[in-house]
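J.: Okay, so here is my_file-v5.cif, and as you'll see once you scroll down, it has mmCIF, C-alpha atoms.
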data_input
loop_
_atom_site.label_atom_id
_atom_site.label_comp_id
_atom_site.auth_asym_id
_atom_site.auth_seq_id
_atom_site.Cartn_x
_atom_site.Cartn_y
_atom_site.Cartn_z
CA MET A 14 141.06 81.77 130.79
CA GLY A 15 142.34 80.79 127.35
CA GLU A 16 142.42 77.15 126.36
CA ARG A 17 143.63 74.97 123.53
CA LYS A 18 142.51 71.40 123.14
CA VAL A 19 145.00 69.41 121.09
CA THR A 20 145.72 65.82 120.17
CA VAL A 21 149.30 64.75 120.77
CA ALA A 22 150.72 63.35 117.55
CA ALA A 23 154.30 62.46 118.50
CA GLU A 24 154.98 58.74 118.62
CA VAL A 25 156.57 59.06 122.08
CA GLY A 26 153.63 61.11 123.37
CA LEU A 27 154.31 64.20 125.45
CA HIS A 28 157.66 62.82 126.68
CA ALA A 29 161.31 63.23 125.81
CA ARG A 30 161.86 65.82 123.07
CA PRO A 31 158.26 67.05 122.73
CA ALA A 32 157.98 67.44 126.51
CA ALA A 33 161.29 69.27 126.79
CA THR A 34 160.39 71.60 123.90
CA PHE A 35 156.95 72.27 125.38
CA VAL A 36 158.26 73.03 128.88
CA GLN A 37 161.09 75.19 127.58
CA ARG A 38 158.58 77.38 125.71
CA ALA A 39 156.17 77.43 128.66
CA LYS A 40 158.94 78.57 131.01
CA GLN A 41 159.54 81.63 128.85
CA ALA A 42 155.95 82.77 129.36
CA PRO A 43 155.26 85.13 132.25
CA MET A 44 151.90 83.60 133.16
CA GLU A 45 150.92 80.30 134.69
CA ILE A 46 150.54 77.47 132.17
CA THR A 47 148.65 74.30 132.97
CA VAL A 48 148.10 71.04 131.14
CA ALA A 49 145.27 68.63 131.84
CA LYS A 50 143.65 65.59 130.33
CA PRO A 51 139.94 65.91 129.49
CA ASN A 52 139.23 62.91 131.78
CA GLY A 53 140.17 65.07 134.75
CA GLU A 54 143.82 64.16 135.24
CA GLY A 55 145.67 67.31 136.15
CA PRO A 56 145.85 70.19 135.67
CA VAL A 57 149.61 70.10 136.16
CA ASN A 58 152.21 72.82 135.96
CA GLY A 59 153.18 73.17 132.30
CA LYS A 60 156.55 74.63 133.29
CA SER A 61 157.63 71.47 135.12
CA ILE A 62 159.10 68.70 132.99
CA LEU A 63 158.55 66.24 135.83
CA ALA A 64 154.86 67.19 136.09
CA VAL A 65 154.34 67.00 132.33
CA MET A 66 156.07 63.59 132.17
CA ALA A 67 154.00 62.38 135.14
CA LEU A 68 150.78 63.32 133.32
CA ASP A 69 151.87 60.60 130.89
CA VAL A 70 150.20 61.79 127.70
CA ARG A 71 150.40 59.13 124.99
CA GLN A 72 150.24 59.48 121.23
CA GLY A 73 146.65 60.15 120.14
CA GLU A 74 145.54 61.45 123.55
CA THR A 75 144.04 64.90 123.94
CA VAL A 76 145.27 67.56 126.34
CA VAL A 77 143.88 70.90 127.37
CA ILE A 78 146.49 73.65 127.69
CA SER A 79 145.40 76.70 129.69
CA ALA A 80 146.80 80.16 130.32
CA GLU A 81 145.47 83.61 130.98
CA GLY A 82 146.70 87.16 130.84
CA GLU A 83 148.35 89.42 128.33
CA GLY A 84 149.97 87.50 125.48
CA SER A 85 148.44 84.20 126.54
CA GLU A 86 146.70 83.59 123.20
CA GLU A 87 150.01 83.73 121.38
CA VAL A 88 151.70 81.46 123.94
CA LEU A 89 148.81 79.00 123.72
CA ASP A 90 149.05 78.90 119.93
CA GLU A 91 152.75 78.08 120.13
CA LEU A 92 152.32 75.46 122.85
CA ALA A 93 149.43 73.85 120.97
CA ALA A 94 151.60 73.64 117.86
CA ILE A 95 154.40 71.95 119.84
CA ALA A 96 152.01 69.47 121.46
CA ALA A 97 150.36 68.64 118.13
CA ALA A 98 153.60 68.27 116.16
CA PRO A 99 154.29 64.75 114.89
CA MET B 4 170.07 67.85 149.40
CA THR B 5 169.94 64.85 147.09
CA THR B 6 173.01 62.79 146.29
CA VAL B 7 172.71 61.38 142.79
CA LEU B 8 174.64 58.18 142.09
CA ALA B 9 176.16 56.97 138.84
CA PRO B 10 173.62 54.57 137.28
CA VAL B 11 176.22 52.95 135.03
CA GLU B 12 179.98 52.46 134.98
CA GLY B 13 182.02 54.55 132.57
CA ALA B 14 183.36 58.06 132.14
CA ALA B 15 181.43 61.16 133.22
CA VAL B 16 181.69 63.43 130.18
CA GLY B 17 179.12 66.19 130.79
CA LEU B 18 175.86 66.89 128.98
CA ALA B 19 177.62 69.00 126.35
CA ALA B 20 179.15 65.78 124.98
CA VAL B 21 175.73 64.22 124.30
CA PRO B 22 174.98 64.05 120.55
CA ASP B 23 171.39 65.25 121.00
CA PRO B 24 170.57 68.95 121.47
CA VAL B 25 167.62 68.17 123.72
CA PHE B 26 170.19 67.06 126.31
CA SER B 27 173.34 68.97 125.33
CA ALA B 28 171.49 72.31 125.42
CA GLY B 29 170.11 71.49 128.86
CA MET B 30 166.50 71.53 127.64
CA VAL B 31 165.55 68.58 129.84
CA GLY B 32 167.53 69.94 132.78
CA PRO B 33 171.03 70.11 134.21
CA GLY B 34 173.11 67.06 135.04
CA THR B 35 175.85 65.13 133.34
CA ALA B 36 176.28 62.15 131.06
CA ILE B 37 178.22 58.93 131.34
CA ASP B 38 179.96 57.30 128.41
CA PRO B 39 179.34 53.74 129.57
CA LEU B 40 181.73 50.83 129.70
CA ARG B 41 181.00 48.67 126.64
CA GLY B 42 179.60 45.28 127.56
CA PRO B 43 176.56 43.81 129.32
CA GLY B 44 175.63 45.64 132.50
CA GLU B 45 172.83 46.72 134.80
CA ALA B 46 171.72 50.34 135.06
CA VAL B 47 170.71 51.21 138.61
CA ALA B 48 168.54 53.78 140.37
CA PRO B 49 170.51 57.03 140.89
CA ILE B 50 168.41 57.93 143.95
CA ALA B 51 166.01 56.17 146.29
CA GLY B 52 162.34 56.63 145.48
CA LYS B 53 159.52 55.51 143.25
CA ILE B 54 159.90 54.57 139.60
CA MET B 55 157.60 57.17 138.09
CA LYS B 56 158.28 56.20 134.49
CA LEU B 57 159.99 53.10 133.17
CA HIS B 58 160.79 52.53 129.53
CA PRO B 59 163.36 49.97 128.41
CA HIS B 60 165.61 52.83 127.28
CA ALA B 61 164.91 55.43 130.00
CA TYR B 62 163.53 55.83 133.48
CA VAL B 63 162.60 58.50 136.01
CA ILE B 64 162.93 57.98 139.76
CA VAL B 65 161.15 60.43 142.08
CA GLY B 66 162.40 60.75 145.65
CA ASP B 67 160.22 61.31 148.70
CA ASP B 68 161.01 65.03 148.46
CA GLY B 69 159.42 65.13 144.99
CA ARG B 70 162.65 65.54 143.07
CA GLY B 71 162.92 63.52 139.88
CA VAL B 72 166.04 62.19 138.16
CA LEU B 73 165.96 60.95 134.57
CA VAL B 74 168.37 58.28 133.30
CA HIS B 75 168.44 57.84 129.53
CA LEU B 76 170.25 54.73 128.26
CA GLY B 77 171.79 55.80 124.99
CA ILE B 78 170.58 58.30 122.39
CA ASP B 79 167.65 57.63 120.05
CA THR B 80 167.32 54.25 121.78
CA VAL B 81 163.52 54.68 121.84
CA GLN B 82 163.79 53.43 118.24
CA LEU B 83 164.99 50.03 119.50
CA LYS B 84 161.52 49.49 121.01
CA GLY B 85 163.00 47.61 123.95
CA GLU B 86 165.15 45.21 121.99
CA GLY B 87 168.33 44.47 123.92
CA PHE B 88 166.93 45.88 127.17
CA ARG B 89 165.49 43.85 130.06
CA LEU B 90 163.46 45.41 132.85
CA LEU B 91 164.59 44.43 136.36
CA ALA B 92 161.90 46.44 138.14
CA ALA B 93 158.40 47.74 137.38
CA GLU B 94 156.88 51.18 137.04
CA GLY B 95 155.54 52.26 140.43
CA ASP B 96 158.08 50.16 142.36
CA ARG B 97 159.94 51.71 145.24
CA VAL B 98 163.66 51.29 144.79
CA ARG B 99 166.71 52.01 146.89
CA ALA B 100 169.57 54.04 145.42
CA GLY B 101 171.79 51.63 143.53
CA GLN B 102 169.08 49.05 142.87
CA PRO B 103 169.22 47.54 139.35
CA VAL B 104 166.45 48.81 137.06
CA VAL B 105 167.36 47.80 133.48
CA ALA B 106 169.83 45.29 132.04
CA TRP B 107 171.38 46.33 128.73
CA ASP B 108 174.55 46.25 126.65
CA PRO B 109 176.06 49.58 125.54
CA ALA B 110 178.25 47.72 123.04
CA ALA B 111 175.14 46.38 121.28
CA VAL B 112 173.61 49.88 121.16
CA GLU B 113 176.81 51.20 119.62
CA ALA B 114 177.00 48.29 117.14
CA GLY B 115 173.52 49.35 115.99
CA GLY B 116 174.87 52.77 115.05
CA ARG B 117 173.63 54.70 118.09
CA SER B 118 175.46 56.49 120.86
CA PRO B 119 175.25 54.55 124.15
CA VAL B 120 176.01 57.69 126.20
CA CYS B 121 173.70 58.04 129.22
CA PRO B 122 172.39 61.46 130.27
CA VAL B 123 171.55 61.69 133.98
CA VAL B 124 169.33 64.73 134.49
CA ALA B 125 167.96 66.57 137.53
CA LEU B 126 164.43 67.43 136.34
CA ASP B 127 163.21 70.98 137.01
CA ALA B 128 166.54 71.86 138.65
CA VAL B 129 168.58 74.95 137.85
CA SER B 130 172.20 74.28 136.96
CA GLU B 131 173.46 76.36 139.91
CA SER B 132 171.87 73.85 142.29
CA LEU B 133 174.17 71.04 141.18
CA THR B 134 177.55 70.70 142.85
CA GLY B 135 180.36 68.20 142.98
CA VAL B 136 179.67 67.01 139.46
CA ALA B 137 181.98 64.05 138.81
CA GLU B 138 184.34 64.02 135.86
CA GLY B 139 186.14 61.04 134.42
CA ALA B 140 185.90 57.43 135.56
CA VAL B 141 182.89 56.45 137.69
CA HIS B 142 181.75 53.10 139.00
CA VAL B 143 178.11 52.12 139.45
CA GLY B 144 176.89 53.71 142.67
CA ASP B 145 179.64 56.34 142.89
CA GLU B 146 178.49 59.86 143.73
CA LEU B 147 177.80 61.58 140.40
CA PHE B 148 176.60 64.98 141.65
CA ARG B 149 174.84 66.66 144.56
CA TRP B 150 171.54 68.44 144.08
CA GLU B 151 171.37 71.22 146.70
#
Written as structure tokens, how would this file's structure read?
T.:
Amino acid sequence: MGERKVTVAAEVGLHARPAATFVQRAKQAPMEITVAKPNGEGPVNGKSILAVMALDVRQGETVVISAEGEGSEEVLDELAAIAAAP
Amino acid sequence: MTTVLAPVEGAAVGLAAVPDPVFSAGMVGPGTAIDPLRGPGEAVAPIAGKIMKLHPHAYVIVGDDGRGVLVHLGIDTVQLKGEGFRLLAAEGDRVRAGQPVVAWDPAAVEAGGRSPVCPVVALDAVSESLTGVAEGAVHVGDELFRWE
């Protein structure tokens, strides 16, 4: 299972535009994508905007994005970049 | 089936009319938008359920069936940091459809140089699942669309 641990930099956290951008990219991936907080919250479905919003990731918090299968490393790199974007 | 009510009074104009690609391109989900009547008013819950997320400028209500509806009060209104908005409920509250959630004034938002248009979005829905989408004048609590 591939993982990326990233700190969310956007002022609004992983909500609104960052959340929509993240989920839109995740939905294009063929494999399952999950997002969790290191404290044990989640993992939630990274393709669900409701689930990602409900995880309530604030600015400065860390998330772990997971995926496995062919092409997952590339998908994880892109998702990590979206989540870490200011 | 979920019946989604108009959270504000105004004109249903469709998401394509929203001056923010995150909504107009349907990235958040399908739905519509209401160009609100200018003047002080109360934005209400579009469905019955629990307030999963409550910001002064936006809120998400999740029904007992797990479906979530987002109401966004104006565009880029996160920048107002709550100024001009008053919460009438709290995050985690259970609300009935039509219950007031936030008091605000679309005219004040517009005077500040922002669009007061309100996207109402069915989260995680596909556009084909929405029917009976209202167009034109809507009152608070009118049926806005059905989510099959």
J.: Output as a ChimeraX atom specification the set of chain A residues within 9 Å of chain B, with distances taken over all atoms listed in the file.
T.: /A:25,29-30,32-34,36-37,60-63,66-67,69
J.: Go through A:Ala42, A:Ile78, A:Ala49, A:Leu68 and flag the residue nearest Ala96 of chain A, using all atoms listed in the file for the distances.
T.: A:Ile78
J.: Atom CA of Gln102 of chain B and atom CA of Val47 of chain B are how many Å apart?
T.: 5.0 Å
J.: Applied to the shown file, which residues does the PyMOL selection byres ((chain B and resi 10) around 10) return, written as a count of residues only?
T.: 33
J.: With distances taken over all atoms listed in the file, which residue among B:Ile64, B:Ala15, B:Leu133, B:Leu57 lies nearest Val98 of chain B?
T.: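 Closest residue, counting all atoms listed in the file: B:Ile64.
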J.: With all atoms listed in the file as the counted atoms, please give the residues lying no more than 12 Å from Val88 of chain A, apart from itself and same-chain residues fewer than 2 positions off, as a CSV table (one decimal) with C-alpha atoms, keeping the file's coordinate frame.
T.:
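Result file is part_35.csv:
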chain,number,residue,atom,x,y,z
A,15,GLY,CA,142.3,80.8,127.4
A,16,GLU,CA,142.4,77.2,126.4
A,17,ARG,CA,143.6,75.0,123.5
A,35,PHE,CA,157.0,72.3,125.4
A,36,VAL,CA,158.3,73.0,128.9
A,37,GLN,CA,161.1,75.2,127.6
A,38,ARG,CA,158.6,77.4,125.7
A,39,ALA,CA,156.2,77.4,128.7
A,40,LYS,CA,158.9,78.6,131.0
A,41,GLN,CA,159.5,81.6,128.8
A,42,ALA,CA,156.0,82.8,129.4
A,43,PRO,CA,155.3,85.1,132.2
A,44,MET,CA,151.9,83.6,133.2
A,45,GLU,CA,150.9,80.3,134.7
A,46,ILE,CA,150.5,77.5,132.2
A,47,THR,CA,148.6,74.3,133.0
A,59,GLY,CA,153.2,73.2,132.3
A,78,ILE,CA,146.5,73.6,127.7
A,79,SER,CA,145.4,76.7,129.7
A,80,ALA,CA,146.8,80.2,130.3
A,81,GLU,CA,145.5,83.6,131.0
A,82,GLY,CA,146.7,87.2,130.8
A,83,GLU,CA,148.4,89.4,128.3
A,84,GLY,CA,150.0,87.5,125.5
A,85,SER,CA,148.4,84.2,126.5
A,86,GLU,CA,146.7,83.6,123.2
A,90,ASP,CA,149.0,78.9,119.9
A,91,GLU,CA,152.8,78.1,120.1
A,92,LEU,CA,152.3,75.5,122.8
A,93,ALA,CA,149.4,73.8,121.0
A,94,ALA,CA,151.6,73.6,117.9
A,95,ILE,CA,154.4,72.0,119.8
J.: Compare A:Ala64, A:Val48, A:Val21, A:Val57 by their minimum atom-to-atom distance to Leu89 of chain A, counting all atoms listed in the file, and give me the closest one.
T.: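 When distances to Leu89 of chain A are compared using all atoms listed in the file, the smallest one comes from A:Val48.
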J.: Would it be fine to have segment 14-34 of chain A, with N, CA and C atoms, given as a CSV table (one decimal), in the first residue's frame?
T.:
chain,number,residue,atom,x,y,z
A,14,MET,N,0.8,-1.2,0.0
A,14,MET,CA,0.0,0.0,0.0
A,14,MET,C,0.9,1.2,0.0
A,15,GLY,N,0.7,2.1,-1.0
A,15,GLY,CA,1.4,3.4,-1.0
A,15,GLY,C,0.8,4.4,-0.1
A,16,GLU,N,1.6,5.3,0.4
A,16,GLU,CA,1.1,6.3,1.3
A,16,GLU,C,1.9,7.6,1.1
A,17,ARG,N,1.2,8.7,1.3
A,17,ARG,CA,1.9,10.0,1.3
A,17,ARG,C,1.3,10.7,2.6
A,18,LYS,N,2.3,11.2,3.4
A,18,LYS,CA,1.9,12.0,4.5
A,18,LYS,C,2.2,13.5,4.2
A,19,VAL,N,1.1,14.3,4.2
A,19,VAL,CA,1.3,15.7,3.9
A,19,VAL,C,0.6,16.6,4.9
A,20,THR,N,1.2,17.8,5.0
A,20,THR,CA,0.6,18.8,5.8
A,20,THR,C,-0.3,19.8,4.9
A,21,VAL,N,-1.5,20.0,5.3
A,21,VAL,CA,-2.4,20.8,4.5
A,21,VAL,C,-2.1,22.3,4.7
A,22,ALA,N,-1.8,22.9,3.7
A,22,ALA,CA,-1.3,24.3,3.8
A,22,ALA,C,-2.4,25.4,3.5
A,23,ALA,N,-3.5,25.0,2.8
A,23,ALA,CA,-4.5,25.9,2.5
A,23,ALA,C,-5.2,26.5,3.7
A,24,GLU,N,-5.5,27.8,3.6
A,24,GLU,CA,-6.0,28.5,4.8
A,24,GLU,C,-7.4,27.9,5.2
A,25,VAL,N,-8.2,27.4,4.2
A,25,VAL,CA,-9.5,26.9,4.5
A,25,VAL,C,-9.4,25.4,4.9
A,26,GLY,N,-8.1,24.8,4.9
A,26,GLY,CA,-8.0,23.4,5.2
A,26,GLY,C,-8.4,22.6,4.0
A,27,LEU,N,-8.7,21.3,4.2
A,27,LEU,CA,-9.1,20.5,3.1
A,27,LEU,C,-10.7,20.6,3.0
A,28,HIS,N,-11.1,21.8,2.6
A,28,HIS,CA,-12.5,22.1,2.4
A,28,HIS,C,-12.6,22.9,1.1
A,29,ALA,N,-13.8,23.2,0.7
A,29,ALA,CA,-14.1,24.1,-0.4
A,29,ALA,C,-13.2,23.7,-1.7
A,30,ARG,N,-12.5,24.7,-2.2
A,30,ARG,CA,-11.8,24.4,-3.4
A,30,ARG,C,-10.7,23.3,-3.3
A,31,PRO,N,-9.9,23.3,-2.3
A,31,PRO,CA,-8.9,22.2,-2.2
A,31,PRO,C,-9.6,20.8,-2.1
A,32,ALA,N,-10.7,20.8,-1.4
A,32,ALA,CA,-11.4,19.5,-1.2
A,32,ALA,C,-12.0,19.0,-2.6
A,33,ALA,N,-12.6,20.0,-3.3
A,33,ALA,CA,-13.2,19.7,-4.6
A,33,ALA,C,-12.1,19.2,-5.6
A,34,THR,N,-11.0,19.9,-5.6
A,34,THR,CA,-9.9,19.6,-6.5
A,34,THR,C,-9.4,18.2,-6.2
